[in-house]
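Q: Quick one, run-v6.cif (mmCIF, C-alpha atoms):
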```
data_upload
loop_
_atom_site.label_atom_id
_atom_site.label_comp_id
_atom_site.auth_asym_id
_atom_site.auth_seq_id
_atom_site.Cartn_x
_atom_site.Cartn_y
_atom_site.Cartn_z
CA MET W 141 19.76 -4.94 4.22
CA PRO W 142 16.41 -3.75 2.80
CA ALA W 143 13.86 -6.56 2.93
CA ALA W 144 11.61 -5.23 0.16
CA LEU W 145 11.65 -3.26 -3.07
CA TYR W 146 8.91 -1.06 -4.53
CA LEU W 147 9.01 -0.24 -8.25
CA HIS W 148 6.74 2.51 -9.54
CA VAL W 149 5.23 2.24 -13.02
CA PRO W 150 3.38 5.51 -13.68
CA PHE W 151 1.49 4.58 -16.84
CA CYS W 152 -2.28 3.99 -16.87
CA PRO W 153 -4.79 3.12 -19.61
CA SER W 154 -7.09 5.83 -18.18
CA ILE W 155 -7.03 8.33 -15.30
CA CYS W 156 -9.57 7.72 -12.53
CA PRO W 157 -11.17 10.88 -11.07
CA TYR W 158 -10.36 9.95 -7.45
CA CYS W 159 -6.68 9.04 -7.93
CA ASP W 160 -3.87 11.36 -6.81
CA PHE W 161 -0.95 9.00 -7.42
CA HIS W 162 1.88 9.98 -9.78
CA LYS W 163 0.50 8.62 -13.04
CA MET W 164 0.01 9.48 -16.71
CA LEU W 165 -1.22 8.09 -20.01
CA ARG W 166 1.48 6.27 -21.91
CA HIS W 167 3.11 7.05 -25.19
CA GLU W 168 5.80 4.88 -26.69
CA GLY W 169 8.66 7.37 -26.56
CA LEU W 170 8.09 8.12 -22.89
CA VAL W 171 7.86 4.42 -21.99
CA ALA W 172 11.14 3.74 -23.82
CA ARG W 173 12.89 6.54 -21.88
CA TYR W 174 11.37 5.23 -18.64
CA LEU W 175 12.78 1.75 -19.26
CA ASP W 176 16.24 3.10 -20.12
CA ARG W 177 16.35 5.15 -16.92
CA LEU W 178 14.96 2.29 -14.82
CA GLU W 179 17.76 0.00 -15.95
CA GLU W 180 20.30 2.64 -14.93
CA GLU W 181 18.65 3.24 -11.54
CA ALA W 182 18.36 -0.47 -10.77
CA ALA W 183 22.07 -0.97 -11.47
CA GLN W 184 23.03 2.04 -9.33
CA THR W 185 20.78 0.98 -6.43
CA ALA W 186 21.96 -2.63 -6.52
CA SER W 187 25.57 -1.49 -6.29
CA LEU W 188 24.73 0.42 -3.09
CA HIS W 189 22.41 -2.25 -1.64
CA PRO W 190 23.58 -5.58 -3.09
CA GLY W 191 21.51 -7.96 -0.96
CA ALA W 192 18.50 -9.24 -2.92
CA PRO W 193 15.19 -8.00 -1.41
CA ALA W 194 12.89 -10.89 -0.53
CA THR W 195 9.75 -9.16 -1.79
CA VAL W 196 9.06 -6.94 -4.78
CA ASP W 197 5.96 -4.88 -5.56
CA LEU W 198 5.34 -3.35 -8.97
CA GLY W 199 2.80 -0.60 -8.32
CA GLY W 200 1.54 2.42 -10.11
CA GLY W 201 -0.08 3.52 -12.16
CA THR W 202 -0.94 0.26 -13.82
CA PRO W 203 2.13 -1.99 -14.24
CA SER W 204 0.13 -4.54 -16.22
CA HIS W 205 -0.43 -1.78 -18.82
CA LEU W 206 3.16 -2.39 -19.93
CA THR W 207 3.52 -4.85 -22.80
CA ASP W 208 5.14 -8.25 -22.34
CA PRO W 209 8.46 -7.10 -23.88
CA GLU W 210 8.41 -4.01 -21.64
CA LEU W 211 7.75 -6.06 -18.52
CA THR W 212 10.54 -8.41 -19.59
CA ARG W 213 12.92 -5.45 -19.57
CA VAL W 214 11.71 -4.39 -16.11
CA PHE W 215 12.32 -7.83 -14.63
CA GLY W 216 15.58 -8.10 -16.53
CA ALA W 217 16.77 -4.89 -14.88
CA LEU W 218 15.96 -6.30 -11.44
CA ARG W 219 17.73 -9.58 -12.08
CA ALA W 220 20.75 -7.85 -13.63
CA GLY W 221 21.13 -5.93 -10.39
CA TRP W 222 20.22 -8.49 -7.73
CA GLY W 223 20.22 -11.88 -9.42
CA GLY W 224 17.53 -14.52 -9.51
CA ALA W 225 16.94 -14.43 -5.76
CA ILE W 226 15.17 -11.06 -5.91
CA GLY W 227 11.50 -11.33 -4.94
CA ALA W 228 11.89 -15.00 -4.01
CA ALA W 229 9.42 -14.73 -1.12
CA GLU W 230 6.81 -12.70 -3.02
CA THR W 231 6.63 -10.71 -6.24
CA THR W 232 3.46 -8.69 -6.70
CA LEU W 233 2.14 -7.05 -9.87
CA GLU W 234 -0.71 -4.56 -9.69
CA ALA W 235 -3.13 -5.12 -12.56
CA ASP W 236 -6.22 -3.67 -14.19
CA PRO W 237 -8.91 -6.25 -15.11
CA LEU W 238 -8.78 -5.40 -18.82
CA THR W 239 -4.99 -5.75 -19.16
CA PHE W 240 -4.64 -9.52 -18.95
CA ASP W 241 -6.06 -12.80 -20.13
CA ALA W 242 -5.08 -16.41 -19.44
CA ALA W 243 -2.08 -16.22 -21.78
CA ARG W 244 -0.79 -13.04 -20.16
CA LEU W 245 -1.19 -14.52 -16.71
CA GLU W 246 1.11 -17.33 -17.75
CA SER W 247 3.64 -14.80 -19.04
CA PHE W 248 3.46 -13.01 -15.69
CA ARG W 249 4.23 -16.32 -13.96
CA GLN W 250 7.18 -16.93 -16.25
CA LEU W 251 8.59 -13.52 -15.35
CA GLY W 252 8.41 -14.41 -11.66
CA VAL W 253 5.14 -12.83 -10.55
CA SER W 254 3.62 -14.83 -7.69
CA ARG W 255 0.90 -12.43 -6.55
CA LEU W 256 -1.54 -10.32 -8.56
CA SER W 257 -3.23 -7.27 -7.02
CA ILE W 258 -6.34 -6.54 -9.08
CA GLY W 259 -7.95 -3.08 -9.04
CA LEU W 260 -11.54 -4.29 -9.21
CA GLN W 261 -13.07 -1.49 -7.05
CA SER W 262 -16.67 -2.68 -7.54
CA THR W 263 -18.77 -5.30 -9.30
CA ASP W 264 -21.65 -2.93 -10.08
CA ASP W 265 -21.73 -1.18 -13.45
CA SER W 266 -23.18 2.10 -12.18
CA THR W 267 -20.66 2.31 -9.34
CA LEU W 268 -17.81 1.56 -11.72
CA ALA W 269 -19.04 4.26 -14.11
CA PHE W 270 -19.18 6.78 -11.26
CA LEU W 271 -15.59 5.86 -10.30
CA GLY W 272 -14.45 6.34 -13.89
CA ARG W 273 -13.44 2.72 -14.33
CA VAL W 274 -13.29 1.37 -17.88
CA HIS W 275 -14.27 -2.25 -17.14
CA ASP W 276 -17.76 -3.39 -16.19
CA GLY W 277 -18.73 -5.71 -13.36
CA ALA W 278 -18.78 -8.88 -15.44
CA GLN W 279 -15.34 -8.18 -16.91
CA GLY W 280 -13.90 -7.48 -13.47
CA LEU W 281 -15.23 -10.69 -11.96
CA ALA W 282 -14.07 -12.68 -14.97
CA ALA W 283 -10.56 -11.28 -14.50
CA VAL W 284 -10.51 -12.26 -10.83
CA GLY W 285 -11.68 -15.76 -11.75
CA LEU W 286 -8.95 -16.12 -14.38
CA ALA W 287 -6.23 -15.07 -11.95
CA LEU W 288 -7.43 -17.48 -9.28
CA ALA W 289 -7.64 -20.31 -11.83
CA ALA W 290 -4.06 -19.57 -12.92
CA GLY W 291 -2.85 -20.46 -9.43
CA LEU W 292 -1.55 -17.00 -8.54
CA ARG W 293 -2.05 -15.58 -5.08
CA VAL W 294 -4.64 -12.89 -5.68
CA ASN W 295 -5.52 -9.70 -3.89
CA VAL W 296 -8.71 -7.86 -4.87
CA ASP W 297 -9.11 -4.12 -4.23
CA VAL W 298 -12.62 -2.80 -3.49
CA ILE W 299 -13.53 0.84 -2.84
CA MET W 300 -16.23 1.43 -0.22
CA ALA W 301 -18.42 4.34 0.92
CA VAL W 302 -19.29 5.18 -2.70
CA PRO W 303 -22.71 6.89 -2.91
CA GLY W 304 -25.37 4.32 -3.79
CA GLN W 305 -22.99 1.35 -3.53
CA ASP W 306 -24.17 -2.08 -2.34
CA LEU W 307 -20.92 -3.00 -0.59
CA ALA W 308 -22.13 -6.33 0.78
CA THR W 309 -22.99 -7.55 -2.72
CA ASP W 310 -19.66 -6.33 -4.11
CA LEU W 311 -17.76 -8.29 -1.46
CA GLN W 312 -19.91 -11.41 -1.65
CA ARG W 313 -19.47 -11.67 -5.41
CA VAL W 314 -15.70 -11.49 -5.04
CA LEU W 315 -15.60 -13.93 -2.15
CA ASP W 316 -17.87 -16.41 -3.91
CA LEU W 317 -15.16 -16.70 -6.58
CA GLY W 318 -12.75 -17.89 -3.91
CA ALA W 319 -10.74 -14.73 -3.22
CA ARG W 320 -8.56 -15.20 -0.13
CA HIS W 321 -7.26 -11.63 0.22
CA VAL W 322 -9.37 -8.47 -0.13
CA SER W 323 -8.35 -4.85 0.42
CA VAL W 324 -11.15 -2.38 1.13
CA TYR W 325 -10.46 1.34 0.93
CA SER W 326 -12.82 4.18 1.68
CA LEU W 327 -13.38 6.58 -1.20
CA THR W 328 -11.15 9.52 -0.33
CA ILE W 329 -11.47 12.88 -2.04
CA GLU W 330 -7.95 14.19 -2.49
CA PRO W 331 -7.28 17.87 -3.28
CA ASN W 332 -7.11 18.85 -6.96
CA THR W 333 -8.46 15.53 -8.23
CA PRO W 334 -11.44 15.65 -10.63
CA PHE W 335 -13.72 14.45 -7.83
CA ALA W 336 -12.56 17.30 -5.59
CA LEU W 337 -13.07 19.85 -8.35
CA ARG W 338 -16.58 18.47 -8.95
CA GLY W 339 -17.44 18.79 -5.27
CA VAL W 340 -17.90 15.06 -4.61
CA ARG W 341 -18.25 14.34 -0.89
CA VAL W 342 -18.14 11.19 1.24
CA ASP W 343 -20.70 10.86 4.03
CA PRO W 344 -18.74 10.17 7.27
CA ASP W 345 -21.60 8.08 8.68
CA ALA W 346 -21.77 5.99 5.52
CA ASP W 347 -18.00 5.56 5.71
CA ALA W 348 -18.20 4.31 9.32
CA ASP W 349 -21.04 1.93 8.43
CA ALA W 350 -19.05 0.57 5.49
CA PHE W 351 -16.04 -0.02 7.75
CA GLU W 352 -18.14 -2.23 10.04
CA LEU W 353 -20.03 -3.95 7.22
CA ALA W 354 -16.87 -4.92 5.36
CA ALA W 355 -15.40 -6.56 8.45
CA GLU W 356 -18.62 -8.48 9.07
CA VAL W 357 -18.99 -9.78 5.51
CA LEU W 358 -15.33 -10.73 5.13
CA ALA W 359 -15.22 -12.47 8.51
CA GLY W 360 -18.17 -14.58 7.40
CA TYR W 361 -15.96 -16.01 4.65
CA GLY W 362 -13.00 -16.67 6.95
CA LEU W 363 -10.95 -13.56 6.13
CA GLU W 364 -9.39 -11.81 9.11
CA ARG W 365 -8.47 -8.15 9.33
CA TYR W 366 -4.68 -8.00 9.70
CA GLU W 367 -4.42 -4.30 8.82
CA VAL W 368 -7.02 -1.53 8.81
CA SER W 369 -7.88 -2.01 5.12
CA ASN W 370 -6.60 -5.54 4.48
CA PHE W 371 -8.27 -8.89 5.13
CA ALA W 372 -6.93 -12.34 4.39
CA VAL W 373 -7.37 -16.01 5.09
CA PRO W 374 -4.52 -16.80 7.53
CA GLY W 375 -1.35 -17.36 5.54
CA GLU W 376 -2.47 -15.22 2.59
CA GLU W 377 -1.30 -11.87 3.98
CA SER W 378 0.82 -9.61 1.76
CA ARG W 379 4.41 -10.18 2.84
CA HIS W 380 5.58 -7.08 1.01
CA ASN W 381 3.13 -4.74 2.72
CA LEU W 382 3.93 -6.28 6.10
CA ALA W 383 7.50 -5.06 5.61
CA TYR W 384 6.21 -1.48 5.40
CA TRP W 385 3.95 -1.85 8.43
CA ARG W 386 6.71 -3.45 10.51
CA GLY W 387 9.07 -0.58 9.78
CA GLU W 388 11.58 -2.68 7.84
CA PRO W 389 13.92 -0.98 5.33
CA TYR W 390 12.82 -1.04 1.69
CA LEU W 391 14.14 0.23 -1.64
CA GLY W 392 12.29 2.37 -4.18
CA LEU W 393 12.74 2.54 -7.94
CA GLY W 394 10.96 4.72 -10.48
CA PRO W 395 9.54 8.25 -10.53
CA SER W 396 8.18 9.47 -7.16
CA ALA W 397 9.08 6.14 -5.52
CA ALA W 398 9.76 6.33 -1.78
CA ALA W 399 12.28 4.29 0.18
CA TYR W 400 13.29 3.75 3.80
CA LEU W 401 16.99 3.00 4.02
CA PRO W 402 19.49 2.11 6.73
CA GLY W 403 21.43 5.14 7.91
CA GLY W 404 21.90 7.30 10.97
CA ASP W 405 20.34 6.14 14.21
CA PHE W 406 16.78 5.77 12.92
CA GLY W 407 16.98 5.36 9.16
CA VAL W 408 16.67 7.63 6.14
CA ARG W 409 13.55 8.39 4.11
CA THR W 410 14.02 9.15 0.41
CA LYS W 411 11.63 10.10 -2.37
CA ASN W 412 12.46 10.20 -6.06
CA PRO W 413 11.42 13.25 -8.10
CA PRO W 414 8.46 13.06 -10.52
CA ILE W 415 9.14 11.65 -13.93
CA LYS W 416 10.64 14.72 -15.62
CA GLY W 417 13.37 15.13 -13.00
CA TRP W 418 13.75 11.39 -12.52
CA LEU W 419 14.44 10.84 -16.24
CA MET W 420 17.17 13.48 -16.03
CA GLY W 421 18.79 11.71 -13.06
CA ALA W 422 17.84 14.32 -10.45
CA PRO W 423 18.64 13.09 -6.93
CA ALA W 424 16.03 11.87 -4.49
CA GLU W 425 14.94 13.97 -1.54
CA ARG W 426 16.53 12.64 1.66
CA GLU W 427 15.47 12.99 5.28
CA GLU W 428 17.35 11.41 8.16
CA LEU W 429 14.85 10.46 10.83
CA GLY W 430 15.28 11.55 14.42
CA PRO W 431 13.87 9.76 17.46
CA ASP W 432 10.58 11.71 17.38
CA ASP W 433 10.10 10.89 13.70
CA TYR W 434 10.84 7.24 14.37
CA VAL W 435 8.29 6.96 17.18
CA LEU W 436 5.59 8.56 15.06
CA GLU W 437 6.41 6.36 12.06
CA ARG W 438 6.19 3.19 14.13
CA LEU W 439 2.83 4.21 15.58
CA LEU W 440 1.49 5.31 12.19
CA THR W 441 2.26 1.95 10.62
CA GLY W 442 2.20 -0.48 13.53
CA LEU W 443 -1.15 0.54 15.01
CA ARG W 444 -2.76 -0.11 11.64
CA THR W 445 -2.01 -3.81 12.01
CA ARG W 446 -3.24 -6.71 14.07
CA GLU W 447 0.37 -7.25 15.21
CA GLY W 448 0.54 -3.78 16.70
CA VAL W 449 3.76 -2.18 17.92
CA ASP W 450 6.54 -3.92 19.82
CA LEU W 451 6.82 -1.50 22.74
CA ALA W 452 10.02 -2.99 24.13
CA ALA W 453 11.78 -2.65 20.78
CA LEU W 454 10.45 0.88 20.19
CA GLU W 455 11.28 2.15 23.66
CA GLY W 456 14.66 0.44 23.63
CA ARG W 457 15.52 2.11 20.32
CA VAL W 458 14.65 5.65 21.43
CA GLY W 459 15.45 5.30 25.14
CA VAL W 460 12.11 6.68 26.37
CA ARG W 461 8.90 5.01 27.55
CA LEU W 462 5.90 5.89 25.40
CA ALA W 463 3.91 6.57 28.56
CA ASP W 464 6.47 9.27 29.45
CA LEU W 465 6.62 10.69 25.93
CA ALA W 466 2.86 11.38 25.76
CA PRO W 467 1.47 10.86 29.27
CA ALA W 468 -1.93 12.52 28.77
CA TRP W 469 -2.47 10.67 25.49
CA TRP W 470 -1.37 7.36 27.03
CA HIS W 471 -3.79 7.77 29.92
CA ASP W 472 -6.73 8.77 27.70
CA VAL W 473 -6.38 6.06 25.03
CA LEU W 474 -6.12 3.33 27.67
CA ARG W 475 -9.02 4.74 29.71
CA HIS W 476 -11.29 4.97 26.67
CA GLY W 477 -10.34 1.51 25.40
CA LEU W 478 -8.82 2.78 22.14
CA VAL W 479 -5.63 0.75 22.57
CA THR W 480 -4.67 -2.37 24.48
CA THR W 481 -1.37 -3.57 25.91
CA ASP W 482 -0.55 -7.26 25.99
CA GLY W 483 2.92 -7.91 27.31
CA ASN W 484 5.14 -5.73 25.15
CA ARG W 485 2.56 -5.23 22.39
CA LEU W 486 0.56 -2.04 21.89
CA ARG W 487 -2.45 -2.59 19.65
CA ALA W 488 -5.36 -0.50 18.48
CA ALA W 489 -8.64 -1.86 19.86
CA PRO W 490 -11.61 -2.07 17.46
CA ALA W 491 -12.79 1.35 18.63
CA GLY W 492 -9.28 2.69 18.05
CA LEU W 493 -9.10 1.30 14.52
CA GLU W 494 -12.31 3.15 13.65
CA ARG W 495 -10.78 6.39 14.96
CA LEU W 496 -7.17 5.74 14.06
CA ASP W 497 -6.50 9.05 12.29
CA GLY W 498 -7.87 11.03 15.21
CA LEU W 499 -6.00 8.87 17.71
CA LEU W 500 -2.71 9.58 15.97
CA ARG W 501 -3.44 13.30 15.56
CA THR W 502 -4.01 13.49 19.31
CA PHE W 503 -0.66 11.79 19.90
CA VAL W 504 1.11 14.33 17.67
CA ARG W 505 -0.44 17.24 19.56
CA SER W 506 0.31 15.85 23.01
CA ARG W 507 3.75 14.29 22.69
CA LEU W 508 6.88 15.72 24.28
CA ALA W 509 10.23 15.79 22.52
CA VAL W 510 12.32 12.65 23.02
CA GLY W 511 15.45 14.79 23.20
CA ALA W 512 14.00 16.90 26.02
CA LEU W 513 13.16 13.80 28.05
CA LEU W 514 16.63 12.41 27.58
CA GLY W 515 18.11 15.66 28.79
#
```
Any chance you could put this one into structure tokens?

A:
Amino acid sequence: MPAALYLHVPFCPSICPYCDFHKMLRHEGLVARYLDRLEEEAAQTASLHPGAPATVDLGGGTPSHLTDPELTRVFGALRAGWGGAIGAAETTLEADPLTFDAARLESFRQLGVSRLSIGLQSTDDSTLAFLGRVHDGAQGLAAVGLALAAGLRVNVDVIMAVPGQDLATDLQRVLDLGARHVSVYSLTIEPNTPFALRGVRVDPDADADAFELAAEVLAGYGLERYEVSNFAVPGEESRHNLAYWRGEPYLGLGPSAAAYLPGGDFGVRTKNPPIKGWLMGAPAEREELGPDDYVLERLLTGLRTREGVDLAALEGRVGVRLADLAPAWWHDVLRHGLVTTDGNRLRAAPAGLERLDGLLRTFVRSRLAVGALLG
């Protein structure tokens, strides 16, 4: 039974120049068609997977850009399919600072939202302007304060490695408000985004320095890194995201939403079409994972986390020792201190976390086929 459900809301109040997610500006007719199709998809999915997922994440886009009646329809579709138990462990809503006030926060709570993920990105006006954000620093901090005062569990997103940014000040301002979960993401220039077309570049040295600085500042306030980009006071971790990183099955609703479903020996990945095809009921792309795919997926997600990868479970599932699957890689990453083994746990060491993309690329190049080893 899938433990989690992701619901994609593609509508945004504005389009940020660094974003490559499936998103668009809203207009009323399109939102109405989206809600009609979402109700259909939720009913269809619930009939195939009737057990209520424990966690729900409404991402986007900007889900809080929907009006209260529209959000009521979204949550009504979920409850019509899975009942009141859906999202009982955690229900997260991603929100822009200018899309809520104290009254709206209460309406979110009434709908069942227990966690708010706020796209703050920075507290500095010039940095926010560079990133194409509509709110200013004061408005962003005020929004975080309101959400914390409302008693919601709050996650704050901050972008780092922005040219001219004072990252330490950004983080300290957020933490001084009492934030207990912060996600820090390096500015990434994705192909065909406005930043890419303008030739914006990120200095790799500045990115590495920001990675270290963020960990230092956040640790000083009692937040621990439990995933490469995510820090929390113990007990405040995102339960929904942990489901992804642990390789647990999850459902996906909405245009371009991905899912990982039970099926075959190693699960099935699906991805919905973009909104035009999705509105017409076009089927999702499906890929049944093989043993090689499964190993790579578990390393891609598990090594990002403090928990690491359960080697016994992984090797038992595929029938091959990781040391045999990629012997040269295994020898090198242990010799250079990029990973550690503790009992049956494989974890990325601090040096490995800083070089995680390269570490995984090396694994891909050096691995042998599971099928060949099994004969």

Q: Apply the PyMOL selection byres ((chain W and resi 153) around 9) to the structure shown and report the selected residues as a ChimeraX atom specification.

A: /W:151-152,154-155,164-166,201-202,205,236,239,274

Q: Print the selection's residues with C-alpha atoms to a file, as a PDB file, keeping the file's coordinate frame.

A:
```pdb
ATOM      1  CA  PHE W 151       1.490   4.580 -16.840  1.00  0.00           C
ATOM      2  CA  CYS W 152      -2.280   3.990 -16.870  1.00  0.00           C
ATOM      3  CA  SER W 154      -7.090   5.830 -18.180  1.00  0.00           C
ATOM      4  CA  ILE W 155      -7.030   8.330 -15.300  1.00  0.00           C
ATOM      5  CA  MET W 164       0.010   9.480 -16.710  1.00  0.00           C
ATOM      6  CA  LEU W 165      -1.220   8.090 -20.010  1.00  0.00           C
ATOM      7  CA  ARG W 166       1.480   6.270 -21.910  1.00  0.00           C
ATOM      8  CA  GLY W 201      -0.080   3.520 -12.160  1.00  0.00           C
ATOM      9  CA  THR W 202      -0.940   0.260 -13.820  1.00  0.00           C
ATOM     10  CA  HIS W 205      -0.430  -1.780 -18.820  1.00  0.00           C
ATOM     11  CA  ASP W 236      -6.220  -3.670 -14.190  1.00  0.00           C
ATOM     12  CA  THR W 239      -4.990  -5.750 -19.160  1.00  0.00           C
ATOM     13  CA  VAL W 274     -13.290   1.370 -17.880  1.00  0.00           C
TER      14      VAL W 274
END
```

Q: Can you list, as a PyMOL selection string, every protein, DNA or RNA residue that comes within 6 Å of range 332-347 of chain W when you count all atoms listed in the file, leaving out same-chain residues fewer than 2 positions away?

A: chain W and resi 157-158+301+329-330+349-350

Q: Enter the distance from CA of Glu388 in chain W to CA of Gly199 in chain W, in Å, rounded to one decimal.

A: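 Computed distance, CA of Glu388 in chain W to CA of Gly199 in chain W, equals 18.5 Å.
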
Q: Which protein, DNA or RNA residues are at most 12 Å from (3.2, -1.4, -16.1) in the file's coordinates when you count only C-alpha atoms, listed as a ChimeraX atom specification?

A: /W:147-153,163-166,171,174-175,197-215,232-236,239-240,248,394

Q: Could you check the closest approach to Leu256 in chain W for each of W:Ala319, W:Leu440, W:Ala397, W:Val373 and tell me which residue wins, using all atoms listed in the file?

A: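 Of W:Ala319, W:Leu440, W:Ala397, W:Val373, the one nearest Leu256 in chain W is W:Ala319, counting all atoms listed in the file.
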
Q: In Å, rounded to a single decimal, give me how far CA of Tyr146 in chain W is from CA of Tyr390 in chain W.

A: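 So the two atoms, CA of Tyr390 in chain W and CA of Tyr146 in chain W, lie 7.3 Å apart.
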
Q: W:Val449, W:Leu499, W:Met300, W:Ala283: which is nearest Val314 in chain W, counting only C-alpha atoms?

A: W:Ala283

Q: As a check of understanding, name the residues that the PyMOL selection byres ((chain W and resi 227) around 9) selects in the supplied structure, as a ChimeraX atom specification.

A: /W:144-145,192-197,224-226,228-232,252-253

Q: Report, in Å to a single decimal, how far apart CA of Arg485 in chain W and CA of Thr502 in chain W are.

A: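 Separating CA of Thr502 in chain W from CA of Arg485 in chain W is a distance of 20.1 Å.
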